[in-house]
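Shown below: run.txt, with compact mmCIF, N, CA and C atoms.
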```
# COMPACT_ATOMS: atom_id res chain seq x y z
N MET N 1 -24.79 10.00 -17.12
CA MET N 1 -24.08 9.72 -15.88
C MET N 1 -22.58 9.77 -16.17
N ALA N 2 -21.85 10.52 -15.34
CA ALA N 2 -20.41 10.69 -15.53
C ALA N 2 -19.66 9.44 -15.08
N LYS N 3 -18.63 9.11 -15.83
CA LYS N 3 -17.80 7.96 -15.51
C LYS N 3 -16.78 8.38 -14.45
N GLU N 4 -16.61 7.55 -13.42
CA GLU N 4 -15.66 7.89 -12.36
C GLU N 4 -14.22 7.77 -12.85
N ASN N 5 -13.36 8.58 -12.29
CA ASN N 5 -11.95 8.59 -12.65
C ASN N 5 -11.18 7.71 -11.68
N LYS N 6 -10.98 6.45 -12.05
CA LYS N 6 -10.29 5.49 -11.17
C LYS N 6 -8.82 5.84 -10.99
N ASN N 7 -8.19 6.43 -12.00
CA ASN N 7 -6.78 6.80 -11.87
C ASN N 7 -6.59 7.86 -10.80
N TYR N 8 -7.51 8.80 -10.70
CA TYR N 8 -7.42 9.84 -9.67
C TYR N 8 -7.54 9.23 -8.29
N LYS N 9 -8.52 8.36 -8.10
CA LYS N 9 -8.70 7.70 -6.80
C LYS N 9 -7.48 6.86 -6.46
N ASP N 10 -6.94 6.17 -7.44
CA ASP N 10 -5.76 5.34 -7.23
C ASP N 10 -4.57 6.20 -6.81
N SER N 11 -4.40 7.36 -7.43
CA SER N 11 -3.24 8.19 -7.10
C SER N 11 -3.35 8.75 -5.68
N VAL N 12 -4.55 9.07 -5.22
CA VAL N 12 -4.73 9.54 -3.85
C VAL N 12 -4.37 8.43 -2.87
N PHE N 13 -4.85 7.22 -3.13
CA PHE N 13 -4.55 6.06 -2.28
C PHE N 13 -3.05 5.80 -2.25
N THR N 14 -2.43 5.79 -3.41
CA THR N 14 -0.99 5.52 -3.50
C THR N 14 -0.18 6.62 -2.82
N ASP N 15 -0.57 7.87 -3.02
CA ASP N 15 0.14 8.97 -2.36
C ASP N 15 0.06 8.85 -0.84
N LEU N 16 -1.13 8.60 -0.34
CA LEU N 16 -1.34 8.55 1.11
C LEU N 16 -0.58 7.41 1.77
N PHE N 17 -0.55 6.25 1.11
CA PHE N 17 0.04 5.07 1.74
C PHE N 17 1.40 4.66 1.18
N TYR N 18 1.92 5.39 0.18
CA TYR N 18 3.21 4.99 -0.37
C TYR N 18 4.18 6.15 -0.57
N SER N 19 3.69 7.27 -1.09
CA SER N 19 4.59 8.36 -1.46
C SER N 19 4.69 9.46 -0.42
N ASP N 20 3.67 9.67 0.37
CA ASP N 20 3.63 10.73 1.35
C ASP N 20 4.76 10.57 2.37
N ARG N 21 5.22 11.68 2.94
CA ARG N 21 6.30 11.59 3.92
C ARG N 21 5.88 10.82 5.17
N ASP N 22 4.58 10.76 5.44
CA ASP N 22 4.05 10.00 6.58
C ASP N 22 3.48 8.65 6.15
N ALA N 23 3.86 8.17 5.00
CA ALA N 23 3.28 6.94 4.45
C ALA N 23 3.44 5.74 5.39
N LYS N 24 4.60 5.60 6.01
CA LYS N 24 4.80 4.45 6.91
C LYS N 24 3.85 4.52 8.11
N VAL N 25 3.66 5.70 8.65
CA VAL N 25 2.73 5.88 9.77
C VAL N 25 1.31 5.58 9.29
N ASN N 26 0.95 6.06 8.10
CA ASN N 26 -0.37 5.80 7.54
C ASN N 26 -0.59 4.31 7.29
N LEU N 27 0.42 3.63 6.75
CA LEU N 27 0.33 2.19 6.51
C LEU N 27 0.15 1.42 7.81
N LEU N 28 0.91 1.81 8.82
CA LEU N 28 0.81 1.13 10.11
C LEU N 28 -0.58 1.34 10.73
N SER N 29 -1.10 2.54 10.60
CA SER N 29 -2.44 2.83 11.10
C SER N 29 -3.49 2.01 10.35
N LEU N 30 -3.36 1.91 9.04
CA LEU N 30 -4.27 1.10 8.23
C LEU N 30 -4.18 -0.37 8.63
N TYR N 31 -2.96 -0.86 8.76
CA TYR N 31 -2.75 -2.26 9.15
C TYR N 31 -3.38 -2.54 10.52
N ASN N 32 -3.12 -1.67 11.49
CA ASN N 32 -3.70 -1.85 12.82
C ASN N 32 -5.23 -1.87 12.77
N ALA N 33 -5.82 -1.00 11.97
CA ALA N 33 -7.28 -0.94 11.86
C ALA N 33 -7.84 -2.21 11.20
N LEU N 34 -7.16 -2.72 10.20
CA LEU N 34 -7.65 -3.90 9.48
C LEU N 34 -7.47 -5.19 10.28
N TYR N 35 -6.38 -5.29 11.01
CA TYR N 35 -6.05 -6.55 11.66
C TYR N 35 -6.17 -6.52 13.19
N GLY N 36 -6.65 -5.42 13.75
CA GLY N 36 -6.87 -5.35 15.19
C GLY N 36 -5.60 -5.41 16.01
N THR N 37 -4.50 -4.96 15.44
CA THR N 37 -3.23 -4.94 16.16
C THR N 37 -2.99 -3.54 16.73
N SER N 38 -1.93 -3.39 17.48
CA SER N 38 -1.64 -2.07 18.06
C SER N 38 -0.14 -1.75 17.97
N TYR N 39 0.45 -2.05 16.81
CA TYR N 39 1.85 -1.69 16.59
C TYR N 39 2.00 -0.17 16.63
N THR N 40 3.11 0.31 17.16
CA THR N 40 3.35 1.75 17.23
C THR N 40 4.65 2.16 16.53
N ASP N 41 5.52 1.22 16.26
CA ASP N 41 6.83 1.53 15.65
C ASP N 41 6.72 1.45 14.13
N SER N 42 6.72 2.59 13.46
CA SER N 42 6.59 2.60 11.99
C SER N 42 7.83 2.02 11.30
N ASN N 43 8.91 1.80 12.05
CA ASN N 43 10.09 1.17 11.47
C ASN N 43 9.86 -0.32 11.18
N LEU N 44 8.76 -0.87 11.66
CA LEU N 44 8.40 -2.26 11.34
C LEU N 44 7.90 -2.39 9.91
N ILE N 45 7.56 -1.26 9.29
CA ILE N 45 7.04 -1.25 7.92
C ILE N 45 8.19 -1.26 6.93
N ARG N 46 8.09 -2.12 5.94
CA ARG N 46 9.01 -2.10 4.80
C ARG N 46 8.16 -2.03 3.56
N LYS N 47 8.25 -0.92 2.84
CA LYS N 47 7.46 -0.73 1.62
C LYS N 47 8.09 -1.52 0.48
N VAL N 48 7.24 -2.08 -0.37
CA VAL N 48 7.68 -2.87 -1.52
C VAL N 48 6.94 -2.36 -2.74
N ARG N 49 7.62 -2.25 -3.86
CA ARG N 49 6.96 -1.82 -5.09
C ARG N 49 7.35 -2.78 -6.21
N LEU N 50 6.37 -3.40 -6.82
CA LEU N 50 6.58 -4.28 -7.95
C LEU N 50 5.97 -3.64 -9.19
N GLU N 51 6.71 -3.58 -10.27
CA GLU N 51 6.17 -2.99 -11.49
C GLU N 51 6.44 -3.91 -12.67
N ASP N 52 5.38 -4.14 -13.42
CA ASP N 52 5.46 -4.95 -14.65
C ASP N 52 6.11 -6.31 -14.42
N VAL N 53 5.80 -6.94 -13.31
CA VAL N 53 6.35 -8.25 -13.02
C VAL N 53 5.27 -9.29 -13.29
N ILE N 54 5.59 -10.31 -14.02
CA ILE N 54 4.75 -11.43 -14.40
C ILE N 54 3.60 -10.99 -15.31
N PHE N 55 2.71 -10.14 -14.80
CA PHE N 55 1.58 -9.66 -15.59
C PHE N 55 1.87 -8.24 -16.05
N LYS N 56 2.12 -8.05 -17.30
CA LYS N 56 2.52 -6.74 -17.79
C LYS N 56 1.45 -5.68 -17.60
N ASN N 57 0.17 -6.07 -17.51
CA ASN N 57 -0.90 -5.09 -17.35
C ASN N 57 -1.20 -4.76 -15.89
N PHE N 58 -0.58 -5.46 -14.95
CA PHE N 58 -0.87 -5.24 -13.53
C PHE N 58 0.35 -4.69 -12.82
N LYS N 59 0.11 -3.74 -11.94
CA LYS N 59 1.15 -3.20 -11.07
C LYS N 59 0.55 -3.13 -9.68
N ASN N 60 1.37 -3.35 -8.67
CA ASN N 60 0.80 -3.21 -7.34
C ASN N 60 0.80 -1.74 -6.94
N ASP N 61 -0.31 -1.31 -6.34
CA ASP N 61 -0.42 0.06 -5.88
C ASP N 61 0.48 0.26 -4.67
N ILE N 62 0.29 -0.60 -3.70
CA ILE N 62 1.15 -0.57 -2.51
C ILE N 62 1.36 -2.01 -2.06
N ALA N 63 2.47 -2.26 -1.51
CA ALA N 63 2.75 -3.55 -0.89
C ALA N 63 3.70 -3.27 0.25
N PHE N 64 3.52 -3.98 1.34
CA PHE N 64 4.41 -3.76 2.47
C PHE N 64 4.42 -4.96 3.39
N THR N 65 5.48 -5.07 4.15
CA THR N 65 5.55 -6.08 5.20
C THR N 65 5.49 -5.35 6.53
N VAL N 66 4.96 -6.03 7.52
CA VAL N 66 4.92 -5.52 8.88
C VAL N 66 5.61 -6.54 9.76
N ASN N 67 6.65 -6.10 10.43
CA ASN N 67 7.39 -6.98 11.33
C ASN N 67 7.90 -8.24 10.61
N GLN N 68 8.16 -8.13 9.34
CA GLN N 68 8.72 -9.17 8.48
C GLN N 68 7.86 -10.42 8.38
N THR N 69 6.61 -10.38 8.82
CA THR N 69 5.78 -11.58 8.75
C THR N 69 4.46 -11.35 8.04
N GLU N 70 3.91 -10.17 8.10
CA GLU N 70 2.61 -9.90 7.52
C GLU N 70 2.81 -9.23 6.17
N TYR N 71 1.90 -9.47 5.24
CA TYR N 71 2.05 -8.93 3.92
C TYR N 71 0.71 -8.49 3.37
N PHE N 72 0.65 -7.32 2.79
CA PHE N 72 -0.57 -6.79 2.18
C PHE N 72 -0.19 -6.14 0.87
N LYS N 73 -1.05 -6.27 -0.14
CA LYS N 73 -0.78 -5.56 -1.38
C LYS N 73 -2.09 -5.24 -2.07
N GLY N 74 -2.06 -4.19 -2.84
CA GLY N 74 -3.20 -3.81 -3.66
C GLY N 74 -2.77 -3.86 -5.11
N LEU N 75 -3.56 -4.45 -5.95
CA LEU N 75 -3.22 -4.55 -7.36
C LEU N 75 -4.15 -3.72 -8.21
N SER N 76 -3.63 -3.16 -9.27
CA SER N 76 -4.47 -2.45 -10.22
C SER N 76 -4.15 -2.92 -11.62
```

Would you write out, as structure tokens, the structure that this file holds?
Amino acid sequence: MAKENKNYKDSVFTDLFYSDRDAKVNLLSLYNALYGTSYTDSNLIRKVRLEDVIFKNFKNDIAFTVNQTEYFKGLS
């Protein structure tokens, strides 16, 4: 049985929601789907990136605020 490539999956997720030119729109769409909201202004998104903070082996894949009150992050 072949071992799955988690780094590849992680890079697709990170590209789609952090690096892509439409990342803010993608993040807002994800947020709306997860939390049942209907925000339309992608300028409410502020992307955050933390690297090697506190835990040297952990980095957040994506982190963002929505409307300065909501916060979501993925850790790897």

Quiz prompt | Residues near Leu28 in chain N, cut-off 8 Å, all atoms listed in the file, skip fewer than 2 positions along chain, as a VMD selection string | solution = chain N and resid 17 22 to 26 30 to 34 38 to 42 44 to 45 66

Quiz item: Could you state the separation of CA of Thr14 in chain N and CA of Thr37 in chain N in Å, given to one decimal place?
Solution: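 Here the two named atoms are 22.4 Å from each other.
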
Exercise. Could you please determine the separation between CA of Ser19 in chain N and atom C of Gly36 in chain N in Å, to one decimal place?
Key: 24.5 Å

Practice problem: Take CA of Val48 in chain N and CA of Ile62 in chain N and report the distance between them in Å, one decimal. | Solution: 7.0 Å
